[in-house]
file my_file_2.cif (mmCIF, C-alpha atoms)
data_coords
#
loop_
_atom_site.label_atom_id
_atom_site.label_comp_id
_atom_site.auth_asym_id
_atom_site.auth_seq_id
_atom_site.Cartn_x
_atom_site.Cartn_y
_atom_site.Cartn_z
CA MET A 1 -4.32 1.95 -10.12
CA SER A 2 -2.34 -0.23 -7.67
CA ASP A 3 -2.97 -0.32 -3.92
CA VAL A 4 0.42 1.31 -3.29
CA SER A 5 -0.22 4.24 -5.63
CA GLU A 6 -3.73 4.68 -4.21
CA GLY A 7 -2.28 4.65 -0.71
CA ILE A 8 0.35 7.27 -1.53
CA GLY A 9 -2.32 9.44 -3.12
CA ALA A 10 -4.50 9.16 -0.04
CA ALA A 11 -1.58 10.13 2.22
CA ILE A 12 -0.80 13.21 0.12
CA GLU A 13 -4.48 14.13 0.07
CA GLY A 14 -4.63 13.94 3.86
CA ALA A 15 -1.43 15.92 4.29
CA LEU A 16 -2.67 18.68 2.01
CA ALA A 17 -5.99 18.76 3.86
CA GLY A 18 -4.17 19.03 7.17
CA ARG A 19 -1.91 21.73 5.79
CA ALA A 20 -4.91 23.68 4.57
CA VAL A 21 -6.29 24.05 8.11
CA GLU A 22 -2.95 24.51 9.84
CA SER A 23 -1.57 27.88 10.84
CA ARG A 24 1.97 28.81 9.78
CA HIS A 25 2.77 30.46 13.12
CA GLY A 26 5.90 29.22 14.81
CA GLU A 27 7.54 27.99 11.61
CA GLY A 28 9.96 30.84 11.06
CA THR A 29 13.56 30.26 10.05
CA PRO A 30 16.65 32.02 11.39
CA ALA A 31 17.21 35.55 10.18
CA GLU A 32 18.62 35.79 6.70
CA ASP A 33 21.00 38.54 5.61
CA GLU A 34 19.13 39.57 2.53
CA GLY A 35 17.85 43.10 2.16
CA GLY A 36 15.70 44.79 -0.41
CA ALA A 37 12.00 45.16 -1.03
CA CYS A 38 9.57 42.27 -1.02
CA LEU A 39 9.59 40.62 -4.44
CA ASN A 40 5.84 40.04 -4.23
CA CYS A 41 4.33 43.36 -3.13
CA GLY A 42 7.27 45.80 -3.01
CA ALA A 43 7.02 46.60 0.71
CA GLU A 44 10.13 46.78 2.88
CA PRO A 45 10.15 43.65 5.12
CA LEU A 46 10.99 44.10 8.78
CA GLY A 47 11.99 40.49 9.34
CA ASN A 48 12.12 37.12 7.63
CA TYR A 49 8.61 37.61 6.26
CA CYS A 50 6.90 40.55 4.66
CA GLN A 51 4.54 42.15 7.14
CA ASN A 52 2.33 43.28 4.25
CA CYS A 53 1.70 40.05 2.28
CA GLY A 54 3.41 37.34 4.34
CA GLN A 55 5.88 36.16 1.68
CA LYS A 56 9.34 35.03 2.73
CA ARG A 57 12.11 37.54 2.18
CA HIS A 58 14.42 34.87 0.82
CA VAL A 59 13.23 33.22 -2.42
CA HIS A 60 14.82 29.89 -3.42
CA ARG A 61 15.76 29.30 -7.06
CA THR A 62 17.19 25.76 -6.91
CA LEU A 63 15.88 22.28 -7.66
CA SER A 64 16.62 21.23 -4.09
CA ALA A 65 14.27 23.98 -2.93
CA ILE A 66 11.45 22.36 -4.89
CA GLY A 67 12.08 19.06 -3.08
CA HIS A 68 12.16 20.88 0.24
CA ASP A 69 8.86 22.60 -0.47
CA LEU A 70 7.29 19.29 -1.48
CA ILE A 71 8.34 17.51 1.70
CA HIS A 72 7.53 20.48 3.89
CA GLY A 73 4.21 21.33 2.31
CA VAL A 74 2.84 17.83 1.66
CA LEU A 75 4.22 15.67 4.44
CA HIS A 76 4.14 18.52 6.96
CA LEU A 77 7.52 17.58 8.44
CA ASP A 78 8.36 20.82 10.19
CA GLY A 79 9.30 21.88 13.68
CA LYS A 80 5.71 22.02 14.88
CA PHE A 81 5.11 18.41 13.87
CA TRP A 82 8.15 17.13 15.77
CA ARG A 83 7.20 19.15 18.83
CA THR A 84 3.63 17.81 18.71
CA LEU A 85 4.24 14.12 18.00
CA PRO A 86 6.23 13.18 21.16
CA LEU A 87 3.70 14.90 23.40
CA LEU A 88 0.79 13.28 21.55
CA VAL A 89 2.30 9.83 22.06
CA PHE A 90 3.77 10.06 25.55
CA LYS A 91 2.09 13.06 27.23
CA PRO A 92 -1.27 13.54 25.47
CA GLY A 93 -2.90 15.19 28.46
CA GLN A 94 -0.19 17.85 28.65
CA LEU A 95 -0.48 18.56 24.92
CA THR A 96 -4.27 18.88 25.07
CA ARG A 97 -4.20 21.05 28.20
CA ARG A 98 -1.55 23.40 26.80
CA TYR A 99 -3.42 23.78 23.52
CA ILE A 100 -6.73 24.48 25.28
CA GLU A 101 -5.08 27.12 27.47
CA GLY A 102 -3.79 28.99 24.42
CA GLU A 103 -0.29 27.66 23.77
CA ARG A 104 -0.90 26.93 20.10
CA ALA A 105 1.83 28.36 17.87
CA LYS A 106 4.22 25.59 18.91
CA PHE A 107 1.96 22.67 18.04
CA VAL A 108 0.10 21.23 15.09
CA SER A 109 -3.58 21.93 15.58
CA PRO A 110 -5.83 18.97 16.50
CA MET A 111 -7.78 19.06 13.22
CA ALA A 112 -4.63 19.23 11.07
CA MET A 113 -3.10 16.33 12.98
CA PHE A 114 -6.34 14.37 12.70
CA LEU A 115 -6.67 14.86 8.95
CA PHE A 116 -3.08 13.93 8.31
CA SER A 117 -3.11 10.84 10.56
CA VAL A 118 -6.45 9.49 9.33
CA PHE A 119 -5.63 9.84 5.65
CA ALA A 120 -2.19 8.36 6.28
CA MET A 121 -3.79 5.45 8.13
CA PHE A 122 -6.06 4.57 5.21
CA ALA A 123 -3.12 4.99 2.85
CA VAL A 124 -1.05 2.48 4.83
CA PHE A 125 -4.02 0.10 5.01
CA GLN A 126 -4.24 0.28 1.23
CA MET A 127 -0.54 -0.34 0.73
CA VAL A 128 -0.29 -3.33 3.09
CA GLY A 129 -3.46 -4.93 1.74
CA LEU A 130 -5.79 -4.33 4.68
CA SER A 131 -8.48 -2.65 2.61
CA ALA A 132 -11.90 -4.24 2.21
CA PRO A 133 -12.33 -6.56 -0.80
CA THR A 134 -14.16 -4.93 -3.67
CA ASP A 135 -14.53 -7.95 -5.98
CA LEU A 136 -17.01 -9.52 -3.61
CA GLU A 137 -18.96 -11.45 -6.20
CA GLY A 138 -15.89 -12.83 -7.93
CA ASP A 139 -14.22 -13.86 -4.68
CA THR A 140 -17.33 -15.63 -3.44
CA ARG A 141 -17.90 -17.40 -6.74
CA ALA A 142 -14.29 -18.63 -6.80
CA LEU A 143 -14.51 -19.84 -3.20
CA VAL A 144 -17.72 -21.77 -3.82
CA THR A 145 -16.40 -23.21 -7.09
CA ASP A 146 -13.19 -24.44 -5.46
CA MET A 147 -15.11 -25.98 -2.58
CA VAL A 148 -17.55 -27.78 -4.90
CA ASP A 149 -14.76 -29.01 -7.20
CA ARG A 150 -12.81 -30.39 -4.26
CA GLU A 151 -15.84 -32.20 -2.88
CA THR A 152 -16.69 -33.52 -6.35
CA ARG A 153 -13.26 -35.08 -6.66
CA LEU A 154 -13.60 -36.79 -3.28
CA VAL A 155 -17.03 -38.22 -4.13
CA THR A 156 -15.81 -39.39 -7.56
CA GLU A 157 -12.82 -41.15 -5.98
CA LYS A 158 -15.10 -42.83 -3.45
CA ILE A 159 -17.40 -44.09 -6.23
CA ALA A 160 -14.38 -45.46 -8.08
CA GLU A 161 -13.29 -47.34 -4.93
CA ILE A 162 -16.77 -48.86 -4.57
CA ASP A 163 -16.73 -49.93 -8.22
CA GLU A 164 -13.44 -51.75 -7.62
CA GLN A 165 -14.92 -53.56 -4.64
CA LEU A 166 -18.06 -54.49 -6.59
CA ALA A 167 -15.88 -55.96 -9.35
CA GLN A 168 -14.46 -58.51 -6.92
CA SER A 169 -16.07 -61.95 -7.08
CA ASP A 170 -15.49 -62.95 -3.44
CA ILE A 171 -17.99 -60.52 -1.78
CA ASP A 172 -21.28 -61.87 -0.47
CA ALA A 173 -24.76 -60.60 -1.34
CA ALA A 174 -25.16 -58.48 1.79
CA GLN A 175 -21.90 -56.62 1.20
CA ARG A 176 -22.78 -56.11 -2.45
CA LEU A 177 -26.20 -54.68 -1.50
CA ALA A 178 -24.63 -52.30 1.03
CA LEU A 179 -22.02 -51.11 -1.48
CA GLU A 180 -24.64 -50.56 -4.17
CA SER A 181 -26.78 -48.57 -1.72
CA GLU A 182 -23.78 -46.42 -0.76
CA ARG A 183 -22.93 -45.90 -4.43
CA THR A 184 -26.48 -44.75 -5.17
CA THR A 185 -26.28 -42.21 -2.35
CA LEU A 186 -22.92 -40.94 -3.61
CA GLU A 187 -24.28 -40.58 -7.13
CA ARG A 188 -27.09 -38.39 -5.81
CA ASP A 189 -24.54 -36.28 -3.95
CA LEU A 190 -22.46 -36.01 -7.10
CA ALA A 191 -25.46 -34.83 -9.11
CA LEU A 192 -26.07 -32.11 -6.53
CA LEU A 193 -22.41 -31.03 -6.58
CA GLU A 194 -22.25 -30.94 -10.37
CA GLY A 195 -25.17 -28.51 -10.29
CA ARG A 196 -22.89 -26.18 -8.22
CA GLY A 197 -25.26 -26.46 -5.28
CA GLU A 198 -28.00 -24.58 -7.09
CA ASN A 199 -30.77 -26.68 -5.60
CA LEU A 200 -29.25 -26.44 -2.14
CA ALA A 201 -29.01 -22.65 -2.38
CA ARG A 202 -32.62 -22.40 -3.47
CA MET A 203 -33.71 -24.60 -0.60
CA LEU A 204 -31.87 -22.44 1.94
CA THR A 205 -32.89 -19.02 0.66
CA SER A 206 -36.16 -19.28 -1.26
CA ASN A 207 -39.17 -17.93 0.55
CA GLY A 208 -41.50 -19.88 -1.75
CA THR A 209 -42.39 -23.46 -0.81
CA GLU A 210 -42.67 -25.00 -4.28
CA PHE A 211 -39.15 -26.40 -4.30
CA LEU A 212 -39.43 -27.67 -0.75
CA ASP A 213 -42.74 -29.32 -1.59
CA ASP A 214 -41.11 -31.10 -4.54
CA LEU A 215 -38.26 -32.27 -2.36
CA GLU A 216 -40.69 -33.51 0.27
CA THR A 217 -42.72 -35.43 -2.35
CA GLN A 218 -39.60 -37.08 -3.71
CA GLY A 219 -38.55 -38.08 -0.20
CA GLU A 220 -41.93 -39.61 0.57
CA SER A 221 -41.84 -41.55 -2.72
CA ARG A 222 -38.39 -42.97 -2.05
CA ILE A 223 -39.31 -43.96 1.48
CA ALA A 224 -42.39 -45.76 0.16
CA GLU A 225 -40.26 -47.67 -2.38
CA ALA A 226 -37.78 -48.59 0.32
CA LYS A 227 -40.58 -49.93 2.53
CA GLU A 228 -41.77 -52.16 -0.30
CA ARG A 229 -38.28 -53.61 -0.68
CA LEU A 230 -38.08 -54.03 3.09
CA ALA A 231 -41.24 -56.10 3.09
CA ALA A 232 -39.68 -58.51 0.58
CA LEU A 233 -36.56 -59.11 2.69
CA PRO A 234 -36.53 -61.81 5.38
CA GLU A 235 -36.80 -60.41 8.89
CA GLY A 236 -33.68 -60.82 10.95
CA SER A 237 -31.34 -60.69 7.97
CA PRO A 238 -28.53 -58.09 7.85
CA GLU A 239 -30.02 -56.60 4.69
CA HIS A 240 -33.37 -56.10 6.44
CA ALA A 241 -31.72 -54.36 9.42
CA ASP A 242 -29.61 -52.07 7.21
CA LEU A 243 -32.56 -51.03 5.04
CA ALA A 244 -34.76 -50.44 8.09
CA ALA A 245 -32.08 -48.17 9.57
CA GLU A 246 -31.87 -46.21 6.29
CA ILE A 247 -35.66 -45.76 6.21
CA ALA A 248 -35.64 -44.48 9.80
CA ALA A 249 -32.90 -41.99 8.97
CA ALA A 250 -34.78 -40.83 5.86
CA GLU A 251 -37.98 -40.31 7.85
CA ASN A 252 -36.08 -38.24 10.42
CA GLY A 253 -34.62 -36.14 7.62
CA LEU A 254 -38.07 -35.64 6.14
CA THR A 255 -39.35 -34.46 9.51
CA GLU A 256 -36.51 -31.93 9.76
CA LEU A 257 -37.25 -30.73 6.23
CA ARG A 258 -40.90 -30.08 7.13
CA ARG A 259 -39.81 -28.19 10.23
CA PHE A 260 -37.37 -26.10 8.22
CA GLU A 261 -40.06 -25.38 5.64
CA GLY A 262 -42.30 -23.91 8.33
CA GLN A 263 -39.52 -21.73 9.75
CA ALA A 264 -38.14 -20.55 6.40
CA GLN A 265 -41.38 -18.85 5.37
CA ASP A 266 -41.14 -16.41 8.28
CA ALA A 267 -37.37 -16.22 8.82
CA VAL A 268 -35.98 -15.62 5.31
CA PRO A 269 -37.50 -12.70 3.36
CA PHE A 270 -36.46 -13.96 -0.10
CA VAL A 271 -38.74 -14.33 -3.09
CA GLU A 272 -38.13 -15.88 -6.51
CA THR A 273 -38.51 -13.56 -9.50
CA SER A 274 -39.95 -14.42 -12.91
CA ASP A 275 -36.49 -15.07 -14.36
CA GLY A 276 -35.63 -17.60 -11.66
CA THR A 277 -33.33 -15.38 -9.59
CA LEU A 278 -33.77 -14.63 -5.90
CA THR A 279 -34.37 -11.18 -4.46
CA LEU A 280 -35.21 -9.73 -1.07
CA GLU A 281 -38.86 -9.16 -0.40
CA GLU A 282 -39.69 -5.44 -0.50
CA THR A 283 -40.49 -3.68 2.77
CA GLY A 284 -42.69 -0.99 1.24
CA VAL A 285 -40.32 1.78 2.44
CA GLY A 286 -38.86 3.39 -0.67
CA TRP A 287 -35.38 4.32 0.49
CA ILE A 288 -34.87 1.01 2.31
CA ASP A 289 -35.86 -1.00 -0.77
CA SER A 290 -33.59 1.18 -2.92
CA PHE A 291 -30.70 0.68 -0.50
CA VAL A 292 -31.18 -3.10 -0.36
CA GLY A 293 -31.50 -3.23 -4.15
CA LYS A 294 -28.16 -1.47 -4.63
CA TRP A 295 -26.38 -3.86 -2.27
CA GLN A 296 -27.96 -6.84 -3.97
CA SER A 297 -27.35 -5.73 -7.55
CA ASN A 298 -23.74 -4.59 -7.10
CA PRO A 299 -22.26 -5.51 -3.70
CA SER A 300 -18.70 -4.83 -4.91
CA LEU A 301 -19.50 -1.21 -5.77
CA MET A 302 -21.34 -0.65 -2.50
CA LEU A 303 -18.45 -2.10 -0.50
CA TYR A 304 -16.05 0.18 -2.35
CA LYS A 305 -18.27 3.19 -1.59
CA LEU A 306 -18.40 2.15 2.07
CA GLN A 307 -14.61 1.98 2.18
CA ALA A 308 -14.18 5.32 0.38
CA ASN A 309 -16.70 7.06 2.63
CA GLY A 310 -14.91 5.62 5.64
CA TYR A 311 -11.98 7.98 5.38
CA LYS A 312 -13.74 10.84 3.61
CA PHE A 313 -16.27 11.13 6.44
CA SER A 314 -13.98 10.02 9.25
CA TRP A 315 -14.29 13.53 10.72
CA LEU A 316 -17.84 12.55 11.75
CA LEU A 317 -16.24 10.55 14.56
CA ILE A 318 -15.50 13.86 16.29
CA PRO A 319 -19.09 15.19 16.63
CA LEU A 320 -20.29 11.65 17.38
CA SER A 321 -17.79 11.31 20.24
CA ILE A 322 -18.10 14.72 21.90
CA PRO A 323 -21.57 14.13 23.47
CA PHE A 324 -20.38 10.93 25.19
CA VAL A 325 -17.33 12.66 26.66
CA TRP A 326 -19.55 15.57 27.72
CA LEU A 327 -21.81 13.13 29.60
CA THR A 328 -18.92 12.00 31.79
CA PHE A 329 -18.33 15.61 32.89
CA LEU A 330 -21.97 16.71 33.05
CA TRP A 331 -21.62 18.13 36.57
CA ARG A 332 -18.13 19.59 36.04
CA ARG A 333 -19.01 23.08 34.76
CA LYS A 334 -15.42 24.20 34.25
CA PHE A 335 -15.04 21.84 31.28
CA HIS A 336 -16.77 22.91 28.10
CA ALA A 337 -17.58 21.34 24.74
CA TYR A 338 -14.48 22.93 23.22
CA ASP A 339 -12.27 21.12 25.74
CA HIS A 340 -13.90 17.82 24.85
CA ALA A 341 -13.51 18.51 21.12
CA ILE A 342 -9.74 19.04 21.48
CA PHE A 343 -9.49 15.93 23.65
CA VAL A 344 -11.43 13.77 21.17
CA THR A 345 -9.56 15.06 18.09
CA TYR A 346 -6.09 14.51 19.52
CA SER A 347 -7.17 11.10 20.84
CA LEU A 348 -8.44 10.02 17.42
CA SER A 349 -5.20 11.27 15.87
CA PHE A 350 -3.15 9.07 18.17
CA MET A 351 -5.36 6.04 17.48
CA SER A 352 -4.87 6.54 13.75
CA LEU A 353 -1.10 6.67 14.19
CA LEU A 354 -1.30 3.58 16.39
CA PHE A 355 -3.24 1.71 13.70
CA ILE A 356 -0.53 2.67 11.22
CA THR A 357 2.14 1.27 13.53
CA VAL A 358 0.42 -2.02 14.31
CA SER A 359 -0.51 -2.63 10.67
CA LEU A 360 3.11 -2.20 9.60
CA ILE A 361 4.27 -4.49 12.40
CA ALA A 362 1.63 -7.08 11.45
CA VAL A 363 3.00 -7.43 7.90
CA SER A 364 6.63 -7.37 9.05
CA PRO A 365 8.64 -10.39 10.25
CA LEU A 366 7.70 -9.43 13.82
CA GLY A 367 4.21 -10.78 13.11
CA ALA A 368 0.60 -10.06 14.02
CA SER A 369 0.99 -11.32 17.61
CA LEU A 370 3.33 -8.48 18.55
CA ALA A 371 1.03 -6.01 16.79
CA PHE A 372 -1.95 -7.24 18.79
CA ILE A 373 -0.03 -7.05 22.08
CA LEU A 374 1.13 -3.51 21.29
CA PHE A 375 -2.38 -2.34 20.46
CA SER A 376 -3.89 -4.05 23.51
CA ILE A 377 -1.48 -2.20 25.80
CA ALA A 378 -1.01 1.14 24.05
CA ALA A 379 -4.65 1.97 23.22
CA PRO A 380 -6.19 1.69 26.72
CA LEU A 381 -3.09 3.13 28.40
CA HIS A 382 -3.17 6.19 26.16
CA VAL A 383 -6.87 6.84 26.77
CA TYR A 384 -6.32 6.49 30.53
CA LYS A 385 -3.35 8.90 30.61
CA HIS A 386 -5.06 11.31 28.24
CA LEU A 387 -8.18 11.48 30.42
CA LYS A 388 -6.30 11.78 33.69
CA ASN A 389 -3.89 14.52 32.68
CA THR A 390 -6.22 16.54 30.45
CA TYR A 391 -8.90 16.96 33.10
CA GLY A 392 -6.74 16.63 36.23
CA LEU A 393 -8.68 13.62 37.54
CA SER A 394 -7.98 11.28 40.42
CA ARG A 395 -7.26 7.63 39.72
CA PHE A 396 -10.78 6.48 40.64
CA SER A 397 -12.45 9.21 38.55
CA THR A 398 -10.27 8.29 35.60
CA ILE A 399 -10.98 4.56 35.87
CA TRP A 400 -14.77 4.78 35.91
CA ARG A 401 -14.78 7.30 33.07
CA PHE A 402 -12.41 5.08 31.12
CA VAL A 403 -14.75 2.10 31.51
CA PHE A 404 -17.74 4.22 30.49
CA LEU A 405 -15.99 5.60 27.42
CA THR A 406 -14.86 2.11 26.39
CA VAL A 407 -18.52 1.09 26.13
CA CYS A 408 -19.30 4.36 24.36
CA ILE A 409 -16.62 3.66 21.74
CA LEU A 410 -18.57 0.61 20.58
CA ILE A 411 -21.74 2.69 20.34
CA ILE A 412 -19.91 5.41 18.38
CA LEU A 413 -18.49 2.89 15.91
CA ILE A 414 -21.95 1.39 15.35
CA LEU A 415 -23.42 4.84 14.75
CA PHE A 416 -20.57 5.71 12.40
CA LEU A 417 -21.11 2.50 10.42
CA GLN A 418 -24.81 3.25 10.13
CA VAL A 419 -24.04 6.72 8.80
CA LEU A 420 -21.68 5.22 6.21
CA LEU A 421 -24.34 2.74 5.14
CA LEU A 422 -26.87 5.55 4.73
CA LEU A 423 -24.39 7.64 2.76
CA GLY A 424 -23.77 4.69 0.46
CA ALA A 425 -27.48 4.32 -0.20
CA PHE A 426 -27.72 7.66 -2.03
#

call {"tool": "encode", "arguments": {"input": "my_file_2.cif", "output": "structure tokens"}}
result
Amino acid sequence: MSDVSEGIGAAIEGALAGRAVESRHGEGTPAEDEGGACLNCGAEPLGNYCQNCGQKRHVHRTLSAIGHDLIHGVLHLDGKFWRTLPLLVFKPGQLTRRYIEGERAKFVSPMAMFLFSVFAMFAVFQMVGLSAPTDLEGDTRALVTDMVDRETRLVTEKIAEIDEQLAQSDIDAAQRLALESERTTLERDLALLEGRGENLARMLTSNGTEFLDDLETQGESRIAEAKERLAALPEGSPEHADLAAEIAAAENGLTELRRFEGQAQDAVPFVETSDGTLTLEETGVGWIDSFVGKWQSNPSLMLYKLQANGYKFSWLLIPLSIPFVWLTFLWRRKFHAYDHAIFVTYSLSFMSLLFITVSLIAVSPLGASLAFILFSIAAPLHVYKHLKNTYGLSRFSTIWRFVFLTVCILIILILFLQVLLLLGAF
């Protein structure tokens, strides 16, 4: 299924979920001159709707009516939506206050607006290509392969250049020795690259020391051979100075390798299995080892599950956020948890709609810079106005609560991510 079709499906799913929790009050149409008993239950309606079963008095029998029902029922584009949206964007505090105080038939409920906006946000992300990559292994392999191939070409070209210089008859012995030494080094690099960096990866991630010990032994052997050749060269010659400098550099590298070997044993919890692959060392805690094993064996699937759980469990942001808002009003007894729940839900709804807007701007000719500027201004300004007008705060009270909640948002997002990771482990 394409990203666009998945996105449309997610938007419809969110709209239907929002419609399922939304009341139909306040959606009546003008009176219709159509008498007779209700076609559903047989009662005599007193208005546009049957007071007995709730069915409309007027029943459409046209194809256009089917399209109307689809748009109205799925996308929720009715009078309540258009009365709610301007207030949510420009006067969020007034909307929240009026809803808390009981003026509810005119507006889309906070939960219905939240479900619709969140599912629509993930749908737009999917359509514009902002979803998380799911072919993690394939993408990484391709990236590494391209990088190694590019470096291999450069080294091969450099070796070819050295061969051309060595073929010239007018170079002296010192230059020839330096070129041959450089060519030998490049050949070693080429052998490492042609192995797709396997040895390098093992050196960086293996918790065992066998490979590092082998590398250290080879280094010591080559340094010893170089010192023997150094002893045969006349002191003061350019060849003697160049070889002495190479030996000093090799000894420094060997010292760094030994230091790395000592740190790697404690810092990197990887072990090599019997089949030569690397795996994380087990912690002894069953569910942690199972979780790590799933991420290691199939990171693409786990990343997909993390993405899917992101919008399916996005409602968890509401109960995670309410306690932090409650803390800022701990000594204000007239505000209750219900007030904070309405505030949080409408606020999250606006942020979802804002993410939709900036993501569409980012992929448009207007560019990502304008999207970033819009988000940087609109997000904090909306939170500030929402706080101030919902709770009737002074400017100072609003500012310090705004700063506190900004820090809390980071904590909430970390907690939410941890919950998603735990959900993906089972």

call {"tool": "atom_distance", "arguments": {"input": "my_file_2.cif", "atom1": "CA of Tyr338 in chain A", "atom2": "CA of Arg401 in chain A"}}
result
18.5 Å

call {"tool": "closest_residue", "arguments": {"input": "my_file_2.cif", "among": "A:Ala368, A:Met351, A:Ser394, A:Asp242", "to": "Pro380 in chain A", "atoms": "all atoms listed in the file"}}
result
A:Met351

call {"tool": "closest_residue", "arguments": {"input": "my_file_2.cif", "among": "A:Thr152, A:Asn252, A:Gln418, A:Ser314", "to": "Thr345 in chain A", "atoms": "only C-alpha atoms"}}
result
A:Ser314

call {"tool": "atom_distance", "arguments": {"input": "my_file_2.cif", "atom1": "CA of Leu413 in chain A", "atom2": "CA of Leu317 in chain A"}}
result
8.1 Å

call {"tool": "closest_residue", "arguments": {"input": "my_file_2.cif", "among": "A:Val124, A:Ile414, A:Ala249, A:Met111", "to": "Ala362 in chain A", "atoms": "only C-alpha atoms"}}
result
A:Val124

call {"tool": "atom_distance", "arguments": {"input": "my_file_2.cif", "atom1": "CA of Arg222 in chain A", "atom2": "CA of Ile159 in chain A"}}
result
21.4 Å

call {"tool": "resolve_selection", "arguments": {"input": "my_file_2.cif", "expression": "the PyMOL selection byres ((chain A and resi 409) around 12)", "output": "ChimeraX atom specification"}}
result
/A:317-318,320-325,344,348,380,383,402-408,410-416

call {"tool": "residues_around", "arguments": {"input": "my_file_2.cif", "residues": "Thr398 in chain A", "least_positions_apart": "6", "cutoff": "10 Å", "atoms": "only C-alpha atoms", "output": "list of chain:residue names"}}
result
A:Val383, A:Tyr384, A:Lys385, A:His386, A:Leu387, A:Lys388, A:Asn389, A:Tyr391, A:Gly392, A:Phe404

call {"tool": "resolve_selection", "arguments": {"input": "my_file_2.cif", "expression": "the PyMOL selection byres ((chain A and resi 353) around 10)", "output": "JSON, numbers by chain"}}
result
{"A": [85, 89, 113, 114, 116, 117, 118, 120, 121, 348, 349, 350, 351, 352, 354, 355, 356, 357, 358, 359]}

call {"tool": "residues_near_point", "arguments": {"input": "my_file_2.cif", "point": "(-20.2, -54.3, 1.1)", "cutoff": "12 Å", "atoms": "all atoms listed in the file", "output": "NGL selection string"}}
result
:A and (161-183 or 238-239 or 242)

call {"tool": "resolve_selection", "arguments": {"input": "my_file_2.cif", "expression": "the PyMOL selection byres ((chain A and resi 420) around 10)", "output": "list in words"}}
result
Lys305, Leu306, Gln307, Ala308, Asn309, Gly310, Phe313, Ser314, Leu316, Ile414, Leu415, Phe416, Leu417, Gln418, Val419, Leu421, Leu422, Leu423, Gly424 and Ala425 of chain A

call {"tool": "build_atoms", "arguments": {"input": "my_file_2.cif", "residues": "range 45-56 of chain A", "atoms": "N, CA, C and O atoms", "output": "PDB file, keeping the file's coordinate frame"}}
result
ATOM      1  N   PRO A  45      10.364  44.589   4.006  1.00  0.00           N
ATOM      2  CA  PRO A  45      10.150  43.650   5.120  1.00  0.00           C
ATOM      3  C   PRO A  45      10.935  44.069   6.351  1.00  0.00           C
ATOM      4  O   PRO A  45      12.039  44.600   6.262  1.00  0.00           O
ATOM      5  N   LEU A  46      10.342  43.802   7.517  1.00  0.00           N
ATOM      6  CA  LEU A  46      10.990  44.100   8.780  1.00  0.00           C
ATOM      7  C   LEU A  46      11.657  42.880   9.391  1.00  0.00           C
ATOM      8  O   LEU A  46      12.343  42.989  10.395  1.00  0.00           O
ATOM      9  N   GLY A  47      11.406  41.721   8.817  1.00  0.00           N
ATOM     10  CA  GLY A  47      11.990  40.490   9.340  1.00  0.00           C
ATOM     11  C   GLY A  47      12.124  39.464   8.231  1.00  0.00           C
ATOM     12  O   GLY A  47      12.343  39.800   7.066  1.00  0.00           O
ATOM     13  N   ASN A  48      11.999  38.200   8.610  1.00  0.00           N
ATOM     14  CA  ASN A  48      12.120  37.120   7.630  1.00  0.00           C
ATOM     15  C   ASN A  48      10.948  37.061   6.672  1.00  0.00           C
ATOM     16  O   ASN A  48      11.049  36.491   5.592  1.00  0.00           O
ATOM     17  N   TYR A  49       9.808  37.631   7.082  1.00  0.00           N
ATOM     18  CA  TYR A  49       8.610  37.610   6.260  1.00  0.00           C
ATOM     19  C   TYR A  49       8.110  39.038   6.053  1.00  0.00           C
ATOM     20  O   TYR A  49       8.286  39.900   6.913  1.00  0.00           O
ATOM     21  N   CYS A  50       7.472  39.244   4.930  1.00  0.00           N
ATOM     22  CA  CYS A  50       6.900  40.550   4.660  1.00  0.00           C
ATOM     23  C   CYS A  50       5.672  40.758   5.526  1.00  0.00           C
ATOM     24  O   CYS A  50       4.751  39.922   5.532  1.00  0.00           O
ATOM     25  N   GLN A  51       5.674  41.882   6.255  1.00  0.00           N
ATOM     26  CA  GLN A  51       4.540  42.150   7.140  1.00  0.00           C
ATOM     27  C   GLN A  51       3.296  42.564   6.354  1.00  0.00           C
ATOM     28  O   GLN A  51       2.190  42.606   6.900  1.00  0.00           O
ATOM     29  N   ASN A  52       3.462  42.838   5.070  1.00  0.00           N
ATOM     30  CA  ASN A  52       2.330  43.280   4.250  1.00  0.00           C
ATOM     31  C   ASN A  52       1.600  42.108   3.587  1.00  0.00           C
ATOM     32  O   ASN A  52       0.374  42.035   3.609  1.00  0.00           O
ATOM     33  N   CYS A  53       2.336  41.161   2.995  1.00  0.00           N
ATOM     34  CA  CYS A  53       1.700  40.050   2.280  1.00  0.00           C
ATOM     35  C   CYS A  53       2.054  38.690   2.833  1.00  0.00           C
ATOM     36  O   CYS A  53       1.431  37.691   2.454  1.00  0.00           O
ATOM     37  N   GLY A  54       3.059  38.603   3.716  1.00  0.00           N
ATOM     38  CA  GLY A  54       3.410  37.340   4.340  1.00  0.00           C
ATOM     39  C   GLY A  54       4.431  36.503   3.595  1.00  0.00           C
ATOM     40  O   GLY A  54       4.812  35.434   4.059  1.00  0.00           O
ATOM     41  N   GLN A  55       4.919  36.969   2.436  1.00  0.00           N
ATOM     42  CA  GLN A  55       5.880  36.160   1.680  1.00  0.00           C
ATOM     43  C   GLN A  55       7.252  36.199   2.356  1.00  0.00           C
ATOM     44  O   GLN A  55       7.645  37.192   2.970  1.00  0.00           O
ATOM     45  N   LYS A  56       7.987  35.087   2.213  1.00  0.00           N
ATOM     46  CA  LYS A  56       9.340  35.030   2.730  1.00  0.00           C
ATOM     47  C   LYS A  56      10.231  36.057   2.035  1.00  0.00           C
ATOM     48  O   LYS A  56      10.072  36.302   0.843  1.00  0.00           O
TER      49      LYS A  56
END
